[in-house]
Amino acid sequence: MTAELTLLILILPLAFVHVGIWGVVLVNLAYIRRQPSASADSCPSLSVCIPARNEADNLRRLLPTLKDQEYPDLEILVWDDGSEDDTWEVLMAAQDSRLTALQGADPPPGWVGKVHALHQCTRQATGECYLFLDADAELRRPDALRQLVARHVGSRTQVSSGFPRLQGSALLLVSLVPHALLSSLPWPLVPRTKLPALSALNGQCWLVNRDVYHRHEPHAQVKDAVLEDVAIGRYLKRQGHPPTLLDVQDLVAVHMYEGFVEAWRGFRKNAYLLLGGTPGRFAVMYGGFLLTWLVAPLLSIWFLASLYGLKFMTDRASGMPLRITVLAPLSYLLGLILQFDSAVHHWSDRVRWKGRSVPSSAREEASPAPTNR
């Protein structure tokens with residue numbers, strides 16, 4: 001076999017992969033730009049549920065933006081998940097009659113901390129609609145909740161997943177989150193197929209109708225899942241409630257991590273699980289990522305152009321600075337190193353986050369999809 005033929009055999013499958021990714025990205029961009037018709041007059045009572053472990057600084061930013069909301073029937077529930085910083089003091093100092101601060105210690109055996117915290121919030125919630133929001137989020141305008149719920153109601157589904165504006169100081173890594181969100185899952189197919197694997201949620205910001213939530217109790221169903229948003233998205237789809245992705249970048253910002261080291265540790269706890277969570281699945285998926293994002297651009301200038309083009313499209317759609325796009329190859333390289341580092345740490349049971357060990361095995365249904373904890 002000649003070298004030219006060997007190269008062609010390698011290039012052709014990679015070309016099909018790149019074409020497929022382009023198709024997914026373009027379809028998703030068209031999908032999120034078609035916002036559902038929404039009336040801000042539709043304001044069912046709303047419960048905002050927030051998990052908080054060592055989130056004092058983030059809550060100092062988030063709580064004032066919640067206090068400024070013009071939503072007519074709103075309650076805010078924050079579960080302090082055994083924090084070791086000033087989280088509880090920040091909650092006690094908040095001057096908002098709509099805020100209910102709840103406090104717990106370590107989660108019970110078999111529960112992941114974030115999942116348990118949100119489950120506990122729903123035990124107290126009374127709204128017709130639940131919004132699950134991470135503590136590092138920020139509402140960008142006073143009518144954010146009104147518009148967010150209006151878009152959820154207008155989507156004509158009972159489960160909505162938000163695509164927020166991501167911010168932070170480690171954008172070389174953070175920019176890979178919206179890139180994955182827009183390139184790994186064809187969102188228009190989520191409600192049109194029965195395959196649970198074609199579903200997920202973005203755990204940073206998602207909404208569900210109260211009756212659907214309590215009929216299926218998704219957090220209790222996935223209580224041991226580190227990737228609870230992926231698991232819940234698939235679980236609810238199996239129950240007949242596929243999620244809709246909403247572009248809420250004008251309404252919600254998420255400040256992901258305060259530095260490169262923190263970002264690396266944060267992504268490290270999830271990356272291995274996102275690539276299957278077992279050595280076999282990880283080897284297959286990591287090999288595919290390595291060929292697609294590292295080997296292919298070294299083989300042909302066209303693959304390098306495709307890499308830049310895909311990153312340009314997803315970076316523009318998510319508001320990333322142009323300098324991050326220029327450094328796209330470095331982002332992909334860091335992502336590949338991070339994935340391998342995550343695998344090594346999971347294999348050796350050395351993954352910790354906020355003072356707690358992270359389970360090293362994925363739930364059976366976990367596979368690539370964006371998430372954040």
# chains A, B, ... in the order shown; residues from 1 in each chain; ligands from 1
>>> select_by_dssp(residues="segment 36-178 of chain A", states="strand (DSSP E)", output="MDAnalysis selection string")
chainID A and resid 46:52 74:81 99:104 129:133 137:139 159:163 165:167
>>> closest_atom_pairs(of="segment 273-340 of chain A", to="segment 163-182 of chain A", cutoff="9 Å", atoms="only C-alpha atoms", output="Markdown table")
| residue | atom | partner | partner_atom | distance |
| --- | --- | --- | --- | --- |
| A:Leu310 | CA | A:His179 | CA | 8.3 |
| A:Lys311 | CA | A:His179 | CA | 6.9 |
| A:Met313 | CA | A:His179 | CA | 8.7 |
| A:Thr314 | CA | A:His179 | CA | 5.3 |
| A:Asp315 | CA | A:Ser175 | CA | 6.9 |
| A:Ala317 | CA | A:Pro178 | CA | 8.5 |
| A:Ser318 | CA | A:Arg165 | CA | 6.3 |
| A:Gly319 | CA | A:Arg165 | CA | 7.1 |
| A:Met320 | CA | A:Ser175 | CA | 6.9 |
| A:Pro321 | CA | A:Leu171 | CA | 8.8 |
| A:Ile324 | CA | A:Leu172 | CA | 6.2 |
| A:Thr325 | CA | A:Leu172 | CA | 8.8 |
| A:Leu327 | CA | A:Leu172 | CA | 7.7 |
| A:Ala328 | CA | A:Leu172 | CA | 7.8 |
| A:Leu330 | CA | A:Leu172 | CA | 7.6 |
| A:Ser331 | CA | A:Leu172 | CA | 5.1 |
| A:Tyr332 | CA | A:Leu176 | CA | 7.9 |
| A:Leu334 | CA | A:Leu173 | CA | 7.3 |
| A:Gly335 | CA | A:Leu173 | CA | 6.9 |
>>> select_by_dssp(residues="segment 89-177 of chain A", states="alpha helix (DSSP H)", output="PyMOL selection string")
chain A and resi 89-93+113-124+144-154+171-174+176-177
>>> write_last_selection(atoms="N, CA and C atoms", output="short mmCIF file (atom, residue, chain, number, x, y, z; two decimals), in the first residue's frame")
data_model
loop_
_atom_site.label_atom_id
_atom_site.label_comp_id
_atom_site.auth_asym_id
_atom_site.auth_seq_id
_atom_site.Cartn_x
_atom_site.Cartn_y
_atom_site.Cartn_z
N GLU A 89 -23.41 33.30 55.88
CA GLU A 89 -23.44 34.70 56.32
C GLU A 89 -23.94 35.61 55.20
N VAL A 90 -23.53 35.33 53.97
CA VAL A 90 -24.01 36.11 52.82
C VAL A 90 -25.51 35.95 52.66
N LEU A 91 -26.02 34.75 52.83
CA LEU A 91 -27.46 34.51 52.72
C LEU A 91 -28.22 35.22 53.83
N MET A 92 -27.67 35.19 55.05
CA MET A 92 -28.35 35.85 56.17
C MET A 92 -28.36 37.37 56.02
N ALA A 93 -27.35 37.90 55.33
CA ALA A 93 -27.26 39.35 55.16
C ALA A 93 -28.10 39.86 53.98
N GLY A 113 -23.61 15.96 45.96
CA GLY A 113 -23.98 17.16 46.68
C GLY A 113 -24.93 18.09 45.93
N LYS A 114 -24.61 18.43 44.69
CA LYS A 114 -25.46 19.35 43.93
C LYS A 114 -26.85 18.77 43.71
N VAL A 115 -26.91 17.49 43.39
CA VAL A 115 -28.20 16.84 43.14
C VAL A 115 -29.06 16.87 44.40
N HIS A 116 -28.45 16.56 45.53
CA HIS A 116 -29.18 16.56 46.80
C HIS A 116 -29.66 17.96 47.15
N ALA A 117 -28.80 18.97 46.93
CA ALA A 117 -29.16 20.35 47.25
C ALA A 117 -30.38 20.79 46.47
N LEU A 118 -30.40 20.50 45.18
CA LEU A 118 -31.54 20.90 44.36
C LEU A 118 -32.79 20.11 44.72
N HIS A 119 -32.61 18.85 45.03
CA HIS A 119 -33.75 18.04 45.46
C HIS A 119 -34.37 18.62 46.72
N GLN A 120 -33.54 19.05 47.66
CA GLN A 120 -34.05 19.63 48.89
C GLN A 120 -34.77 20.96 48.64
N CYS A 121 -34.27 21.74 47.71
CA CYS A 121 -34.96 22.99 47.35
C CYS A 121 -36.37 22.69 46.84
N THR A 122 -36.50 21.64 46.04
CA THR A 122 -37.83 21.33 45.48
C THR A 122 -38.79 20.82 46.55
N ARG A 123 -38.29 20.38 47.69
CA ARG A 123 -39.19 19.97 48.77
C ARG A 123 -39.91 21.19 49.36
N GLN A 124 -39.30 22.36 49.21
CA GLN A 124 -39.85 23.59 49.79
C GLN A 124 -40.53 24.47 48.73
N ALA A 144 -35.13 39.81 33.33
CA ALA A 144 -34.55 38.55 32.86
C ALA A 144 -35.45 37.36 33.18
N LEU A 145 -35.94 37.26 34.41
CA LEU A 145 -36.77 36.11 34.78
C LEU A 145 -38.10 36.14 34.02
N ARG A 146 -38.66 37.32 33.86
CA ARG A 146 -39.92 37.43 33.12
C ARG A 146 -39.73 36.94 31.67
N GLN A 147 -38.64 37.37 31.04
CA GLN A 147 -38.38 36.97 29.66
C GLN A 147 -38.01 35.49 29.57
N LEU A 148 -37.26 35.01 30.55
CA LEU A 148 -36.84 33.61 30.56
C LEU A 148 -38.04 32.68 30.65
N VAL A 149 -38.96 32.97 31.56
CA VAL A 149 -40.15 32.14 31.71
C VAL A 149 -41.04 32.27 30.47
N ALA A 150 -41.13 33.48 29.91
CA ALA A 150 -41.94 33.67 28.71
C ALA A 150 -41.42 32.82 27.56
N ARG A 151 -40.12 32.73 27.42
CA ARG A 151 -39.54 31.89 26.36
C ARG A 151 -39.79 30.41 26.65
N HIS A 152 -39.71 30.05 27.92
CA HIS A 152 -40.01 28.66 28.29
C HIS A 152 -41.46 28.32 27.94
N VAL A 153 -42.39 29.18 28.31
CA VAL A 153 -43.80 28.94 28.00
C VAL A 153 -44.01 28.93 26.49
N GLY A 154 -43.35 29.86 25.80
CA GLY A 154 -43.51 29.94 24.35
C GLY A 154 -42.90 28.78 23.59
N LEU A 171 -10.87 31.61 29.46
CA LEU A 171 -11.71 31.43 28.28
C LEU A 171 -11.15 30.43 27.28
N LEU A 172 -9.85 30.18 27.31
CA LEU A 172 -9.30 29.16 26.42
C LEU A 172 -9.96 27.81 26.69
N LEU A 173 -10.26 27.53 27.96
CA LEU A 173 -10.97 26.30 28.32
C LEU A 173 -12.48 26.50 28.28
N VAL A 174 -12.95 27.61 28.84
CA VAL A 174 -14.39 27.85 28.94
C VAL A 174 -15.05 27.90 27.57
N LEU A 176 -14.62 26.09 25.16
CA LEU A 176 -14.91 24.75 24.65
C LEU A 176 -16.28 24.25 25.10
N VAL A 177 -16.87 24.90 26.12
CA VAL A 177 -18.19 24.48 26.59
C VAL A 177 -19.28 24.81 25.57
#
>>> residues_around(residues="Ser183 of chain A", least_positions_apart="2", cutoff="8 Å", atoms="only C-alpha atoms", output="list in words")
Ile21, Trp22, Val24, Val25, Asn28, His179, Ala180, Leu181, Leu185 and Pro186 of chain A
>>> closest_residue(among="A:Ser97, A:Phe132, A:Pro359, A:Asp250", to="Arg210 of chain A", atoms="only C-alpha atoms")
A:Phe132
>>> residues_around(residues="segment 213-224 of chain A", least_positions_apart="3", cutoff="8 Å", atoms="only C-alpha atoms", output="number ranges by chain")
A: 110-112, 115-116, 118-119, 208-210, 228, 231-232, 235-236, 239, 363
>>> write_last_selection(atoms="N, CA, C and O atoms", output="short mmCIF file (atom, residue, chain, number, x, y, z; two decimals), in the first residue's frame")
data_model
loop_
_atom_site.label_atom_id
_atom_site.label_comp_id
_atom_site.auth_asym_id
_atom_site.auth_seq_id
_atom_site.Cartn_x
_atom_site.Cartn_y
_atom_site.Cartn_z
N GLY A 110 -24.91 7.93 48.82
CA GLY A 110 -25.53 7.64 47.53
C GLY A 110 -25.97 8.88 46.78
O GLY A 110 -26.39 8.77 45.62
N TRP A 111 -25.87 10.04 47.39
CA TRP A 111 -26.26 11.29 46.74
C TRP A 111 -25.02 12.12 46.41
O TRP A 111 -24.10 12.23 47.22
N VAL A 112 -25.03 12.76 45.24
CA VAL A 112 -24.05 13.79 44.90
C VAL A 112 -24.54 15.11 45.48
O VAL A 112 -25.75 15.39 45.48
N VAL A 115 -26.91 17.49 43.39
CA VAL A 115 -28.20 16.84 43.14
C VAL A 115 -29.06 16.87 44.40
O VAL A 115 -30.26 17.19 44.36
N HIS A 116 -28.45 16.56 45.53
CA HIS A 116 -29.18 16.56 46.80
C HIS A 116 -29.66 17.96 47.15
O HIS A 116 -30.79 18.16 47.62
N LEU A 118 -30.40 20.50 45.18
CA LEU A 118 -31.54 20.90 44.36
C LEU A 118 -32.79 20.11 44.72
O LEU A 118 -33.91 20.66 44.73
N HIS A 119 -32.61 18.85 45.03
CA HIS A 119 -33.75 18.04 45.46
C HIS A 119 -34.37 18.62 46.72
O HIS A 119 -35.61 18.71 46.85
N VAL A 208 -38.42 23.72 34.36
CA VAL A 208 -39.35 22.61 34.22
C VAL A 208 -40.65 22.99 34.92
O VAL A 208 -40.65 23.67 35.95
N ASN A 209 -41.77 22.55 34.37
CA ASN A 209 -43.05 22.78 35.01
C ASN A 209 -43.15 21.93 36.28
O ASN A 209 -42.70 20.78 36.31
N ARG A 210 -43.76 22.49 37.30
CA ARG A 210 -43.85 21.82 38.60
C ARG A 210 -44.47 20.43 38.50
O ARG A 210 -43.97 19.47 39.08
N GLU A 228 -25.35 15.16 36.33
CA GLU A 228 -26.79 15.05 36.54
C GLU A 228 -27.60 15.70 35.44
O GLU A 228 -28.72 15.29 35.14
N ALA A 231 -27.87 13.19 32.63
CA ALA A 231 -28.75 12.09 33.06
C ALA A 231 -30.21 12.53 33.12
O ALA A 231 -31.11 11.80 32.70
N ILE A 232 -30.47 13.75 33.64
CA ILE A 232 -31.85 14.23 33.75
C ILE A 232 -32.43 14.49 32.37
O ILE A 232 -33.60 14.16 32.11
N TYR A 235 -33.31 11.13 31.05
CA TYR A 235 -34.40 10.53 31.82
C TYR A 235 -35.74 11.18 31.46
O TYR A 235 -36.74 10.48 31.21
N LEU A 236 -35.77 12.51 31.41
CA LEU A 236 -37.04 13.18 31.10
C LEU A 236 -37.47 12.92 29.67
O LEU A 236 -38.67 12.84 29.38
N GLN A 239 -39.31 9.83 29.58
CA GLN A 239 -40.65 9.99 30.17
C GLN A 239 -41.58 10.80 29.26
O GLN A 239 -42.71 11.09 29.64
N ARG A 363 -22.56 7.12 35.38
CA ARG A 363 -23.80 6.38 35.21
C ARG A 363 -23.81 5.77 33.82
O ARG A 363 -23.16 6.23 32.90
#
>>> residues_around(residues="Pro44 of chain A", least_positions_apart="5", cutoff="9 Å", atoms="only C-alpha atoms", output="PyMOL selection string")
chain A and resi 72-73+127-129+149
>>> write_last_selection(atoms="N, CA, C and O atoms", output="PDB file, in the first residue's frame")
ATOM      1  N   PRO A  72     -43.507  39.043  39.152  1.00  0.00           N
ATOM      2  CA  PRO A  72     -44.594  39.310  40.110  1.00  0.00           C
ATOM      3  C   PRO A  72     -44.762  38.279  41.216  1.00  0.00           C
ATOM      4  O   PRO A  72     -45.164  38.618  42.327  1.00  0.00           O
ATOM      5  N   ASP A  73     -44.497  36.998  40.940  1.00  0.00           N
ATOM      6  CA  ASP A  73     -44.736  35.948  41.944  1.00  0.00           C
ATOM      7  C   ASP A  73     -43.510  35.049  41.985  1.00  0.00           C
ATOM      8  O   ASP A  73     -43.425  34.049  41.281  1.00  0.00           O
ATOM      9  N   GLY A 127     -43.746  27.164  43.513  1.00  0.00           N
ATOM     10  CA  GLY A 127     -44.066  27.768  42.233  1.00  0.00           C
ATOM     11  C   GLY A 127     -44.655  26.787  41.235  1.00  0.00           C
ATOM     12  O   GLY A 127     -44.489  25.573  41.353  1.00  0.00           O
ATOM     13  N   GLU A 128     -45.313  27.333  40.213  1.00  0.00           N
ATOM     14  CA  GLU A 128     -45.832  26.509  39.119  1.00  0.00           C
ATOM     15  C   GLU A 128     -44.715  26.099  38.160  1.00  0.00           C
ATOM     16  O   GLU A 128     -44.877  25.164  37.379  1.00  0.00           O
ATOM     17  N   CYS A 129     -43.610  26.827  38.218  1.00  0.00           N
ATOM     18  CA  CYS A 129     -42.467  26.545  37.361  1.00  0.00           C
ATOM     19  C   CYS A 129     -41.206  26.627  38.212  1.00  0.00           C
ATOM     20  O   CYS A 129     -41.105  27.484  39.101  1.00  0.00           O
ATOM     21  N   VAL A 149     -38.960  32.966  31.561  1.00  0.00           N
ATOM     22  CA  VAL A 149     -40.148  32.138  31.707  1.00  0.00           C
ATOM     23  C   VAL A 149     -41.043  32.273  30.475  1.00  0.00           C
ATOM     24  O   VAL A 149     -41.642  31.284  30.014  1.00  0.00           O
TER      25      VAL A 149
END
>>> atom_distance(atom1="atom CA of Asp134 of chain A", atom2="atom CA of His255 of chain A")
9.8 Å
>>> residues_around(residues="Gly162 of chain A", least_positions_apart="4", cutoff="6 Å", atoms="only C-alpha atoms", output="compact mmCIF listing (two decimals) with N, CA, C and O atoms, in the first residue's frame")
# COMPACT_ATOMS: atom_id res chain seq x y z
N CYS A 205 -28.53 26.30 33.95
CA CYS A 205 -29.78 27.07 33.85
C CYS A 205 -30.80 26.23 33.10
O CYS A 205 -30.65 26.01 31.90
N TRP A 206 -31.83 25.73 33.82
CA TRP A 206 -32.89 25.02 33.12
C TRP A 206 -34.21 25.14 33.87
O TRP A 206 -34.22 25.41 35.07
N LEU A 245 -33.75 23.72 23.80
CA LEU A 245 -32.63 24.61 24.08
C LEU A 245 -33.04 26.05 23.76
O LEU A 245 -33.49 26.34 22.64
N LEU A 246 -32.87 26.95 24.73
CA LEU A 246 -33.21 28.36 24.55
C LEU A 246 -31.95 29.21 24.64
O LEU A 246 -31.14 29.03 25.55
N VAL A 248 -30.40 32.17 25.90
CA VAL A 248 -30.72 33.15 26.96
C VAL A 248 -29.49 34.01 27.29
O VAL A 248 -29.36 34.52 28.40
>>> residues_around(residues="Phe289 of chain A", least_positions_apart="5", cutoff="9 Å", atoms="only C-alpha atoms", output="short mmCIF file (atom, residue, chain, number, x, y, z; two decimals) with N, CA and C atoms, in the first residue's frame")
data_model
loop_
_atom_site.label_atom_id
_atom_site.label_comp_id
_atom_site.auth_asym_id
_atom_site.auth_seq_id
_atom_site.Cartn_x
_atom_site.Cartn_y
_atom_site.Cartn_z
N VAL A 284 -12.00 4.92 22.95
CA VAL A 284 -12.61 5.12 21.64
C VAL A 284 -12.87 6.60 21.38
N LEU A 294 -6.47 17.11 16.40
CA LEU A 294 -5.02 17.25 16.42
C LEU A 294 -4.36 16.68 15.16
N LEU A 336 -7.54 18.42 24.93
CA LEU A 336 -7.08 17.03 24.83
C LEU A 336 -6.21 16.65 26.03
#
>>> closest_residue(among="A:Leu275, A:Val78, A:Val230, A:Leu189", to="Leu201 of chain A", atoms="only C-alpha atoms")
A:Val230
>>> atom_distance(atom1="atom CA of Leu274 of chain A", atom2="atom CA of Asp229 of chain A")
11.4 Å
>>> closest_residue(among="A:Arg356, A:Arg141, A:His241, A:Arg53", to="Trp79 of chain A", atoms="only C-alpha atoms")
A:Arg53
